[in-house]
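Participant: The structure file run_19.cif (mmCIF, C-alpha atoms) is provided below.
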data_query
loop_
_atom_site.label_atom_id
_atom_site.label_comp_id
_atom_site.auth_asym_id
_atom_site.auth_seq_id
_atom_site.Cartn_x
_atom_site.Cartn_y
_atom_site.Cartn_z
CA MET K 1 -225.52 -68.72 -61.30
CA ILE K 2 -221.85 -67.95 -60.72
CA GLY K 3 -219.58 -70.97 -60.77
CA GLN K 4 -222.05 -73.24 -62.61
CA PHE K 5 -221.64 -73.93 -66.29
CA ASP K 6 -223.97 -74.91 -69.08
CA GLU K 7 -221.91 -77.23 -71.25
CA ASN K 8 -224.15 -76.38 -74.21
CA GLU K 9 -223.26 -72.68 -74.22
CA ALA K 10 -222.12 -71.59 -77.67
CA ILE K 11 -220.02 -68.68 -76.38
CA ARG K 12 -217.80 -68.50 -73.30
CA TYR K 13 -215.94 -65.51 -71.87
CA TYR K 14 -212.51 -65.77 -70.22
CA LEU K 15 -210.48 -63.27 -68.22
CA THR K 16 -206.86 -63.36 -69.36
CA PHE K 17 -204.02 -62.79 -66.93
CA ARG K 18 -200.24 -63.10 -66.85
CA VAL K 19 -197.85 -64.81 -64.45
CA GLY K 20 -194.25 -64.19 -65.47
CA ALA K 21 -194.06 -64.42 -69.26
CA GLN K 22 -196.96 -66.90 -69.55
CA TRP K 23 -200.59 -65.95 -70.23
CA TYR K 24 -203.53 -67.84 -68.69
CA ALA K 25 -207.32 -67.52 -68.66
CA VAL K 26 -210.17 -68.26 -66.27
CA ASP K 27 -213.86 -68.50 -67.14
CA VAL K 28 -215.53 -65.24 -66.06
CA GLN K 29 -218.36 -67.23 -64.48
CA MET K 30 -215.86 -68.39 -61.84
CA ILE K 31 -214.73 -64.86 -60.93
CA PHE K 32 -215.98 -63.47 -57.63
CA GLU K 33 -214.00 -60.22 -57.74
CA VAL K 34 -210.81 -58.67 -59.11
CA SER K 35 -208.99 -56.18 -56.93
CA TYR K 36 -205.61 -54.73 -56.21
CA LEU K 37 -203.45 -55.80 -53.30
CA VAL K 38 -205.27 -55.87 -49.99
CA ALA K 39 -204.04 -56.53 -46.45
CA ILE K 40 -203.11 -60.21 -46.37
CA MET K 41 -202.86 -61.90 -42.97
CA PRO K 42 -200.12 -64.54 -42.91
CA VAL K 43 -201.05 -67.98 -41.60
CA PRO K 44 -198.34 -70.19 -40.06
CA ASP K 45 -197.50 -73.68 -41.35
CA MET K 46 -199.02 -73.23 -44.80
CA PRO K 47 -197.49 -74.35 -48.11
CA PRO K 48 -195.17 -71.67 -49.55
CA ALA K 49 -197.58 -70.64 -52.31
CA ILE K 50 -200.34 -69.76 -49.82
CA ILE K 51 -199.32 -66.34 -48.61
CA GLY K 52 -202.20 -65.82 -46.19
CA ILE K 53 -205.89 -65.05 -45.87
CA VAL K 54 -208.09 -62.02 -46.53
CA ASN K 55 -211.65 -61.04 -45.70
CA VAL K 56 -213.61 -60.46 -48.91
CA ARG K 57 -217.22 -59.40 -48.35
CA GLY K 58 -217.39 -61.42 -45.14
CA ARG K 59 -215.65 -64.50 -46.55
CA ILE K 60 -212.29 -65.64 -45.22
CA VAL K 61 -210.34 -66.46 -48.38
CA PRO K 62 -206.89 -68.05 -48.82
CA VAL K 63 -204.59 -66.20 -51.21
CA ILE K 64 -202.19 -68.08 -53.49
CA ASP K 65 -199.15 -66.47 -55.12
CA LEU K 66 -199.19 -68.08 -58.56
CA ARG K 67 -195.53 -67.14 -59.17
CA VAL K 68 -194.55 -69.33 -56.23
CA ARG K 69 -197.05 -72.05 -57.20
CA PHE K 70 -195.65 -72.19 -60.74
CA ASN K 71 -192.02 -72.11 -59.50
CA ALA K 72 -191.31 -68.70 -61.04
CA ALA K 73 -189.02 -66.14 -59.45
CA ARG K 74 -190.63 -64.25 -56.58
CA ARG K 75 -191.52 -60.65 -57.18
CA PRO K 76 -192.30 -58.04 -54.54
CA MET K 77 -195.98 -57.20 -54.29
CA GLU K 78 -197.00 -53.58 -54.76
CA LEU K 79 -200.24 -51.67 -54.23
CA ASN K 80 -201.20 -52.25 -57.87
CA THR K 81 -200.58 -56.03 -57.74
CA PRO K 82 -203.81 -57.69 -58.94
CA ILE K 83 -205.63 -60.45 -57.09
CA ILE K 84 -208.29 -62.49 -58.87
CA PHE K 85 -210.83 -63.99 -56.46
CA VAL K 86 -212.46 -67.08 -57.95
CA LEU K 87 -215.17 -69.52 -56.94
CA HIS K 88 -214.33 -73.19 -57.31
CA GLY K 89 -217.19 -75.38 -56.14
CA LYS K 90 -218.08 -74.13 -52.66
CA ASN K 91 -214.62 -72.60 -52.14
CA THR K 92 -213.37 -69.10 -52.86
CA TYR K 93 -209.69 -68.29 -53.19
CA GLY K 94 -207.50 -65.45 -54.38
CA MET K 95 -204.77 -65.69 -56.98
CA VAL K 96 -201.98 -63.12 -56.99
CA VAL K 97 -200.97 -62.52 -60.62
CA ASP K 98 -198.66 -60.12 -62.45
CA ASP K 99 -201.21 -58.58 -64.79
CA VAL K 100 -204.91 -58.80 -65.63
CA ASP K 101 -205.50 -58.06 -69.27
CA ASP K 102 -208.86 -58.44 -70.95
CA VAL K 103 -211.94 -60.59 -71.39
CA MET K 104 -211.77 -62.96 -74.37
CA ARG K 105 -214.83 -64.27 -76.17
CA LEU K 106 -214.51 -67.84 -77.44
CA GLU K 107 -217.09 -69.65 -79.53
CA ARG K 108 -217.63 -73.37 -79.31
CA GLU K 109 -216.58 -75.19 -82.47
#
Render the structure in this file as structure tokens.

Facilitator:
Amino acid sequence: MIGQFDENEAIRYYLTFRVGAQWYAVDVQMIFEVSYLVAIMPVPDMPPAIIGIVNVRGRIVPVIDLRVRFNAARRPMELNTPIIFVLHGKNTYGMVVDDVDDVMRLERE
């Protein structure tokens, strides 16, 4: 099931993405969807990193700009700006990133 992990798995897969010059990864089992920029509705009185909400398959999802969250310089969003929608527990949220690269396969040592 998406978002649940078997700690005994010998192999894990991670989606790699970039924010600024730094590369990060998220377990693919946590990913709900990856898409390009969608219409984001601003919400007043939110922390600066939360740029608004979107409707993804009937779910109202907050969207976080990881550049702002990580104190990097702001960058204008374009139509090809990627958003990674992830499941964390019972919550879904979107992460605006600079680039989505590839899926990495890592074996447990």

Participant: Evaluate the PyMOL selection byres ((chain K and resi 57-67) around 10) on the structure here and hand back the selected residues as a ChimeraX atom specification.

Facilitator: /K:18-20,33,40-43,47-56,68-75,77,83-86,91-98

Participant: Counting all atoms listed in the file, figure out which residue out of K:Asp45, K:Glu107, K:Glu78, K:Asp101 gets nearest to Leu15 in chain K.

Facilitator: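 Smallest distance to Leu15 in chain K is found for K:Asp101.
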
Participant: Could you tell me which residues the PyMOL selection byres ((chain K and resi 28) around 12) grabs in this file, written as an mmCIF file with C-alpha atoms, keeping the file's coordinate frame?

Facilitator:
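Final output, part_29.cif:
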data_model
loop_
_atom_site.group_PDB
_atom_site.id
_atom_site.type_symbol
_atom_site.label_atom_id
_atom_site.label_comp_id
_atom_site.auth_asym_id
_atom_site.auth_seq_id
_atom_site.Cartn_x
_atom_site.Cartn_y
_atom_site.Cartn_z
ATOM 1 C CA MET K 1 -225.520 -68.720 -61.300
ATOM 2 C CA ILE K 2 -221.850 -67.950 -60.720
ATOM 3 C CA GLY K 3 -219.580 -70.970 -60.770
ATOM 4 C CA GLN K 4 -222.050 -73.240 -62.610
ATOM 5 C CA PHE K 5 -221.640 -73.930 -66.290
ATOM 6 C CA ILE K 11 -220.020 -68.680 -76.380
ATOM 7 C CA ARG K 12 -217.800 -68.500 -73.300
ATOM 8 C CA TYR K 13 -215.940 -65.510 -71.870
ATOM 9 C CA TYR K 14 -212.510 -65.770 -70.220
ATOM 10 C CA LEU K 15 -210.480 -63.270 -68.220
ATOM 11 C CA THR K 16 -206.860 -63.360 -69.360
ATOM 12 C CA PHE K 17 -204.020 -62.790 -66.930
ATOM 13 C CA ALA K 25 -207.320 -67.520 -68.660
ATOM 14 C CA VAL K 26 -210.170 -68.260 -66.270
ATOM 15 C CA ASP K 27 -213.860 -68.500 -67.140
ATOM 16 C CA GLN K 29 -218.360 -67.230 -64.480
ATOM 17 C CA MET K 30 -215.860 -68.390 -61.840
ATOM 18 C CA ILE K 31 -214.730 -64.860 -60.930
ATOM 19 C CA PHE K 32 -215.980 -63.470 -57.630
ATOM 20 C CA GLU K 33 -214.000 -60.220 -57.740
ATOM 21 C CA VAL K 34 -210.810 -58.670 -59.110
ATOM 22 C CA ILE K 84 -208.290 -62.490 -58.870
ATOM 23 C CA PHE K 85 -210.830 -63.990 -56.460
ATOM 24 C CA VAL K 86 -212.460 -67.080 -57.950
ATOM 25 C CA LEU K 87 -215.170 -69.520 -56.940
ATOM 26 C CA HIS K 88 -214.330 -73.190 -57.310
ATOM 27 C CA ASP K 102 -208.860 -58.440 -70.950
ATOM 28 C CA VAL K 103 -211.940 -60.590 -71.390
ATOM 29 C CA MET K 104 -211.770 -62.960 -74.370
ATOM 30 C CA ARG K 105 -214.830 -64.270 -76.170
ATOM 31 C CA LEU K 106 -214.510 -67.840 -77.440
#

Participant: Go through K:Pro82, K:Leu37, K:Asp99, K:Gly89 and flag the residue nearest Ala21 in chain K, using all atoms listed in the file for the distances.

Facilitator: K:Asp99

Participant: Could you give me the centre and size, in Å to one decimal, of an axis-aligned box around all listed atoms of range 19-34 of chain K with 3 Å added on every side, as AutoDock Vina command-line options?

Facilitator:
--center_x -206.2 --center_y -63.6 --center_z -63.9 --size_x 30.3 --size_y 15.8 --size_z 18.6

Participant: Have range 63-77 of chain K completed to N, CA and C atoms, please, and pass it along as a CSV table (one decimal), keeping the file's coordinate frame.

Facilitator:
chain,number,residue,atom,x,y,z
K,63,VAL,N,-205.2,-66.9,-50.1
K,63,VAL,CA,-204.6,-66.2,-51.2
K,63,VAL,C,-203.3,-67.0,-51.6
K,64,ILE,N,-203.3,-67.3,-52.9
K,64,ILE,CA,-202.2,-68.1,-53.5
K,64,ILE,C,-201.4,-67.2,-54.4
K,65,ASP,N,-200.1,-67.2,-54.2
K,65,ASP,CA,-199.2,-66.5,-55.1
K,65,ASP,C,-198.8,-67.4,-56.3
K,66,LEU,N,-199.4,-67.2,-57.4
K,66,LEU,CA,-199.2,-68.1,-58.6
K,66,LEU,C,-197.7,-68.1,-59.0
K,67,ARG,N,-197.0,-67.1,-58.8
K,67,ARG,CA,-195.5,-67.1,-59.2
K,67,ARG,C,-194.8,-68.2,-58.4
K,68,VAL,N,-195.1,-68.3,-57.1
K,68,VAL,CA,-194.6,-69.3,-56.2
K,68,VAL,C,-195.1,-70.7,-56.6
K,69,ARG,N,-196.4,-70.8,-56.8
K,69,ARG,CA,-197.0,-72.0,-57.2
K,69,ARG,C,-196.5,-72.6,-58.5
K,70,PHE,N,-196.2,-71.8,-59.4
K,70,PHE,CA,-195.6,-72.2,-60.7
K,70,PHE,C,-194.1,-72.2,-60.8
K,71,ASN,N,-193.5,-72.1,-59.6
K,71,ASN,CA,-192.0,-72.1,-59.5
K,71,ASN,C,-191.3,-71.0,-60.3
K,72,ALA,N,-191.9,-69.9,-60.4
K,72,ALA,CA,-191.3,-68.7,-61.0
K,72,ALA,C,-190.6,-67.9,-60.0
K,73,ALA,N,-189.7,-67.0,-60.4
K,73,ALA,CA,-189.0,-66.1,-59.4
K,73,ALA,C,-190.0,-65.3,-58.7
K,74,ARG,N,-189.8,-65.1,-57.4
K,74,ARG,CA,-190.6,-64.2,-56.6
K,74,ARG,C,-190.5,-62.8,-57.0
K,75,ARG,N,-191.5,-62.1,-56.8
K,75,ARG,CA,-191.5,-60.6,-57.2
K,75,ARG,C,-192.2,-59.9,-56.0
K,76,PRO,N,-191.6,-58.8,-55.6
K,76,PRO,CA,-192.3,-58.0,-54.5
K,76,PRO,C,-193.7,-57.6,-55.0
K,77,MET,N,-194.6,-57.7,-54.0
K,77,MET,CA,-196.0,-57.2,-54.3
K,77,MET,C,-196.1,-55.7,-54.0
